[in-house]
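**Student:** Below you'll find query.cif; it's mmCIF, C-alpha atoms.
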data_target
#
loop_
_atom_site.label_atom_id
_atom_site.label_comp_id
_atom_site.auth_asym_id
_atom_site.auth_seq_id
_atom_site.Cartn_x
_atom_site.Cartn_y
_atom_site.Cartn_z
CA MET T 1 -32.91 -23.37 -19.74
CA THR T 2 -36.64 -22.94 -19.58
CA ASP T 3 -38.55 -20.40 -21.66
CA ASP T 4 -35.66 -18.64 -23.39
CA LYS T 5 -35.39 -19.50 -27.04
CA LEU T 6 -32.10 -19.65 -28.85
CA LEU T 7 -31.22 -16.49 -30.75
CA CYS T 8 -28.95 -18.47 -33.03
CA PRO T 9 -29.23 -21.66 -35.06
CA LEU T 10 -28.34 -24.66 -32.90
CA GLU T 11 -25.39 -25.51 -35.15
CA LYS T 12 -23.82 -22.08 -34.41
CA LYS T 13 -24.25 -22.31 -30.62
CA SER T 14 -20.92 -24.02 -29.88
CA ASP T 15 -18.97 -21.52 -31.97
CA LEU T 16 -20.71 -18.63 -30.21
CA GLU T 17 -19.96 -20.16 -26.80
CA ILE T 18 -16.26 -20.35 -27.70
CA ARG T 19 -16.26 -16.78 -29.06
CA ASN T 20 -18.06 -15.53 -25.96
CA GLN T 21 -15.65 -17.30 -23.62
CA ALA T 22 -12.76 -15.52 -25.36
CA THR T 23 -14.63 -12.20 -25.04
CA VAL T 24 -15.15 -12.73 -21.30
CA ALA T 25 -11.49 -13.68 -20.85
CA GLU T 26 -10.49 -10.41 -22.55
CA TYR T 27 -13.00 -8.47 -20.44
CA LEU T 28 -11.49 -9.92 -17.26
CA ALA T 29 -7.92 -9.31 -18.49
CA ASP T 30 -8.88 -5.68 -19.15
CA PHE T 31 -10.46 -5.55 -15.68
CA VAL T 32 -7.12 -6.57 -14.16
CA ARG T 33 -5.06 -4.33 -16.49
CA HIS T 34 -7.01 -1.32 -15.26
CA GLU T 35 -6.31 -2.41 -11.66
CA ARG T 36 -9.94 -2.91 -10.88
CA SER T 37 -10.15 -5.21 -7.92
CA ARG T 38 -13.80 -5.50 -6.96
CA ILE T 39 -16.37 -7.51 -8.87
CA THR T 40 -19.62 -5.61 -8.47
CA GLU T 41 -23.12 -6.70 -9.31
CA SER T 42 -22.93 -4.81 -12.60
CA VAL T 43 -19.65 -6.57 -13.48
CA PHE T 44 -21.23 -9.92 -12.58
CA ARG T 45 -24.20 -9.19 -14.86
CA GLU T 46 -21.86 -8.00 -17.63
CA ILE T 47 -19.93 -11.28 -17.40
CA HIS T 48 -23.23 -13.10 -17.87
CA ARG T 49 -24.24 -10.84 -20.77
CA LEU T 50 -20.95 -11.47 -22.55
CA THR T 51 -21.08 -15.20 -21.80
CA ILE T 52 -24.38 -15.81 -23.59
CA ALA T 53 -24.45 -12.89 -26.04
CA ASP T 54 -26.20 -13.80 -29.30
CA ILE T 55 -27.22 -17.17 -27.83
CA TYR T 56 -30.07 -16.43 -25.40
CA PRO T 57 -32.19 -13.29 -24.97
CA CYS T 58 -31.78 -13.26 -21.17
CA ALA T 59 -28.15 -12.09 -21.39
CA GLY T 60 -27.31 -9.93 -18.38
CA ASN T 61 -30.78 -10.13 -16.85
CA TYR T 62 -31.78 -11.95 -13.68
CA ARG T 63 -34.60 -14.44 -13.96
CA ASP T 64 -38.06 -13.21 -13.08
CA ALA T 65 -41.22 -14.64 -11.57
CA LEU T 66 -42.59 -15.48 -15.02
CA THR T 67 -39.96 -18.15 -15.54
CA HIS T 68 -40.13 -21.45 -13.67
CA ILE T 69 -36.69 -22.82 -12.83
CA GLU T 70 -36.29 -26.45 -11.91
CA ILE T 71 -32.99 -28.23 -11.43
CA THR T 72 -33.44 -31.92 -12.15
CA ASP T 73 -32.12 -34.76 -9.99
CA THR T 74 -31.98 -32.65 -6.81
CA GLU T 75 -34.30 -31.49 -4.07
CA HIS T 76 -32.73 -28.02 -4.19
CA ARG T 77 -35.07 -25.23 -5.22
CA PRO T 78 -33.34 -22.00 -6.25
CA ALA T 79 -34.21 -18.77 -4.52
CA HIS T 80 -37.42 -17.00 -5.42
CA PRO T 81 -36.76 -14.43 -8.17
CA SER T 82 -37.41 -11.59 -5.71
CA GLN T 83 -34.40 -12.81 -3.70
CA VAL T 84 -31.94 -13.32 -6.57
CA ARG T 85 -30.40 -9.83 -6.53
CA ILE T 86 -30.07 -9.88 -2.73
CA GLU T 87 -28.32 -13.26 -2.81
CA VAL T 88 -25.95 -12.18 -5.61
CA VAL T 89 -25.03 -9.00 -3.72
CA ASP T 90 -24.49 -11.05 -0.53
CA MET T 91 -22.22 -13.44 -2.45
CA LEU T 92 -20.13 -10.59 -3.82
CA GLU T 93 -19.98 -8.82 -0.46
CA TRP T 94 -18.70 -12.04 1.14
CA LEU T 95 -15.78 -12.09 -1.33
CA TYR T 96 -14.59 -8.71 -0.01
CA SER T 97 -15.46 -9.29 3.65
CA ASP T 98 -12.80 -10.12 6.23
CA GLU T 99 -13.98 -13.74 6.11
CA GLY T 100 -13.81 -13.96 2.32
CA ARG T 101 -10.42 -12.22 2.08
CA SER T 102 -8.98 -14.53 4.74
CA THR T 103 -9.60 -17.60 2.56
CA THR T 104 -7.53 -18.86 -0.33
CA PRO T 105 -8.32 -17.96 -3.95
CA LEU T 106 -9.28 -21.61 -4.46
CA HIS T 107 -11.79 -21.40 -1.59
CA GLN T 108 -13.19 -18.15 -3.01
CA ALA T 109 -13.56 -19.70 -6.47
CA ALA T 110 -15.25 -22.80 -5.03
CA TYR T 111 -17.61 -20.61 -3.02
CA VAL T 112 -18.63 -18.58 -6.09
CA LEU T 113 -19.05 -21.76 -8.18
CA TRP T 114 -21.32 -23.23 -5.50
CA LYS T 115 -23.21 -20.01 -4.79
CA VAL T 116 -23.98 -19.17 -8.44
CA SER T 117 -25.21 -22.73 -8.95
CA HIS T 118 -27.24 -22.50 -5.73
CA ILE T 119 -28.82 -19.11 -6.51
CA HIS T 120 -29.30 -19.89 -10.22
CA PRO T 121 -29.70 -16.16 -10.90
CA PHE T 122 -30.26 -16.32 -14.66
CA ASN T 123 -32.64 -18.20 -16.95
CA GLY T 124 -29.64 -19.67 -18.75
CA GLY T 125 -25.87 -19.58 -18.68
CA ASN T 126 -25.53 -20.06 -14.92
CA GLY T 127 -23.11 -22.96 -15.27
CA ARG T 128 -21.04 -21.13 -17.89
CA VAL T 129 -20.71 -18.10 -15.60
CA ALA T 130 -19.92 -20.23 -12.55
CA ARG T 131 -17.29 -22.32 -14.39
CA LEU T 132 -15.74 -19.54 -16.43
CA ASP T 133 -12.40 -20.74 -17.74
CA PRO T 134 -10.29 -17.71 -18.68
CA SER T 135 -8.19 -19.73 -21.13
CA PRO T 136 -10.40 -20.32 -24.20
CA GLY T 137 -9.32 -22.03 -27.34
CA LYS T 138 -6.56 -24.63 -27.14
CA GLY T 139 -8.60 -26.94 -29.34
CA ARG T 140 -11.42 -27.41 -26.84
CA ARG T 141 -15.12 -26.93 -27.26
CA ALA T 142 -16.98 -24.85 -24.69
CA PRO T 143 -19.17 -26.87 -22.30
CA GLY T 144 -22.83 -27.13 -23.34
#
Have the structure of the file written as structure tokens, please.
**Tutor:**
Amino acid sequence: MTDDKLLCPLEKKSDLEIRNQATVAEYLADFVRHERSRITESVFREIHRLTIADIYPCAGNYRDALTHIEITDTEHRPAHPSQVRIEVVDMLEWLYSDEGRSTTPLHQAAYVLWKVSHIHPFNGGNGRVARLDPSPGKGRRAPG
């Protein structure tokens, strides 16, 4: 996280992360219940919005040129902000391409995990979106 300030007191952040994870799990369950089968860019951004709602002000918005993103302990430099949307759309299109559909769900999940981390499309919450665990609760704390 760079320039985005917390919208909540630090001591409430973990509770909000857990609440938000449950909200995203319900959103995805509803997605499946309504037999929706394609994750679009707007769905991807909604997942992000729900994931960090009430925590960071960047919820659902791609990072912009005003925010410097640096990932420590790596030489990787995320895409320029002008390329973020293009890379996200390419990632989602791959999932529904012949190549993407011919892979296993595990391969698809690993690809999305890697690609979201590689693109780093948001100012914050990228890891939470990439690692989304649809089974919240069970006595665990959400990852920080």
**Student:** Per residue of segment 33-75 of chain T within 8 Å of segment 90-104 of chain T, what are the shortest atom pair and its distance in Å to one decimal, counting only C-alpha atoms, with rows by chain and residue number, as JSON lines?
**Tutor:**
{"residue": "T:Arg38", "atom": "CA", "partner": "T:Tyr96", "partner_atom": "CA", "distance": 7.7}
{"residue": "T:Ile39", "atom": "CA", "partner": "T:Leu92", "partner_atom": "CA", "distance": 7.0}
{"residue": "T:Thr40", "atom": "CA", "partner": "T:Leu92", "partner_atom": "CA", "distance": 6.8}
{"residue": "T:Glu41", "atom": "CA", "partner": "T:Leu92", "partner_atom": "CA", "distance": 7.4}
**Student:** Let me make sure I understand: among T:Leu106, T:Leu50, T:Ile119, T:Ile71, which one has the smallest atom-to-atom distance to Val88 of chain T if we use only C-alpha atoms?
**Tutor:** T:Ile119
**Student:** Just the residues within 6 Å of segment 54-58 of chain T, please, counting all atoms listed in the file, with nothing from its chain fewer than 4 positions along; format it as a VMD selection string.
**Tutor:** chain T and resid 6 to 8
**Student:** Kindly indicate which residue among T:Ile52, T:Pro105, T:Asp30, T:Tyr62 lies nearest to Ile86 of chain T, using only C-alpha atoms for the distances.
**Tutor:**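 Among T:Ile52, T:Pro105, T:Asp30, T:Tyr62, it is T:Tyr62 that comes nearest to Ile86 of chain T.
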**Student:** Provide the atom CA of Leu66 of chain T to atom CA of Val89 of chain T distance in Å, to one decimal place.
**Tutor:**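 Atom CA of Val89 of chain T lies 21.9 Å from atom CA of Leu66 of chain T.
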**Student:** Would you mind putting N, CA and C atoms back on segment 31-57 of chain T and writing the result as a compact mmCIF listing (two decimals), keeping the file's coordinate frame?
**Tutor:**
# COMPACT_ATOMS: atom_id res chain seq x y z
N PHE T 31 -10.08 -5.87 -17.07
CA PHE T 31 -10.46 -5.55 -15.68
C PHE T 31 -9.21 -5.50 -14.80
N VAL T 32 -8.35 -6.50 -14.94
CA VAL T 32 -7.12 -6.57 -14.16
C VAL T 32 -6.11 -5.52 -14.63
N ARG T 33 -5.98 -5.34 -15.94
CA ARG T 33 -5.06 -4.33 -16.49
C ARG T 33 -5.35 -2.94 -15.95
N HIS T 34 -6.62 -2.64 -15.76
CA HIS T 34 -7.01 -1.32 -15.26
C HIS T 34 -7.05 -1.28 -13.73
N GLU T 35 -6.46 -2.31 -13.11
CA GLU T 35 -6.31 -2.41 -11.66
C GLU T 35 -7.63 -2.30 -10.92
N ARG T 36 -8.67 -2.81 -11.57
CA ARG T 36 -9.94 -2.91 -10.88
C ARG T 36 -9.87 -4.17 -10.02
N SER T 37 -10.34 -4.08 -8.82
CA SER T 37 -10.15 -5.21 -7.92
C SER T 37 -11.44 -5.72 -7.30
N ARG T 38 -12.55 -5.09 -7.59
CA ARG T 38 -13.80 -5.50 -6.96
C ARG T 38 -14.84 -5.86 -8.03
N ILE T 39 -15.30 -7.10 -7.97
CA ILE T 39 -16.37 -7.51 -8.87
C ILE T 39 -17.68 -7.04 -8.24
N THR T 40 -18.34 -6.15 -8.94
CA THR T 40 -19.62 -5.61 -8.47
C THR T 40 -20.76 -6.37 -9.12
N GLU T 41 -21.96 -6.06 -8.70
CA GLU T 41 -23.12 -6.70 -9.31
C GLU T 41 -23.18 -6.38 -10.80
N SER T 42 -22.88 -5.15 -11.17
CA SER T 42 -22.93 -4.81 -12.60
C SER T 42 -21.86 -5.55 -13.39
N VAL T 43 -20.70 -5.77 -12.81
CA VAL T 43 -19.65 -6.57 -13.48
C VAL T 43 -20.12 -8.02 -13.61
N PHE T 44 -20.71 -8.55 -12.57
CA PHE T 44 -21.23 -9.92 -12.58
C PHE T 44 -22.27 -10.08 -13.70
N ARG T 45 -23.17 -9.13 -13.82
CA ARG T 45 -24.20 -9.19 -14.86
C ARG T 45 -23.59 -9.00 -16.25
N GLU T 46 -22.55 -8.18 -16.34
CA GLU T 46 -21.86 -8.00 -17.63
C GLU T 46 -21.16 -9.29 -18.05
N ILE T 47 -20.56 -9.99 -17.10
CA ILE T 47 -19.93 -11.28 -17.40
C ILE T 47 -20.98 -12.23 -17.97
N HIS T 48 -22.16 -12.24 -17.35
CA HIS T 48 -23.23 -13.10 -17.87
C HIS T 48 -23.66 -12.66 -19.27
N ARG T 49 -23.82 -11.35 -19.47
CA ARG T 49 -24.24 -10.84 -20.77
C ARG T 49 -23.25 -11.26 -21.86
N LEU T 50 -21.97 -11.09 -21.57
CA LEU T 50 -20.95 -11.47 -22.55
C LEU T 50 -20.90 -12.98 -22.77
N THR T 51 -21.15 -13.75 -21.73
CA THR T 51 -21.08 -15.20 -21.80
C THR T 51 -22.13 -15.79 -22.74
N ILE T 52 -23.33 -15.22 -22.74
CA ILE T 52 -24.38 -15.81 -23.59
C ILE T 52 -24.88 -14.85 -24.67
N ALA T 53 -24.08 -13.84 -24.98
CA ALA T 53 -24.45 -12.89 -26.04
C ALA T 53 -24.73 -13.63 -27.34
N ASP T 54 -25.78 -13.24 -28.00
CA ASP T 54 -26.20 -13.80 -29.30
C ASP T 54 -26.64 -15.25 -29.23
N ILE T 55 -26.76 -15.79 -28.00
CA ILE T 55 -27.22 -17.17 -27.83
C ILE T 55 -28.62 -17.19 -27.22
N TYR T 56 -28.79 -16.50 -26.09
CA TYR T 56 -30.07 -16.43 -25.40
C TYR T 56 -30.46 -14.97 -25.16
N PRO T 57 -31.75 -14.67 -25.17
CA PRO T 57 -32.19 -13.29 -24.97
C PRO T 57 -32.09 -12.79 -23.53
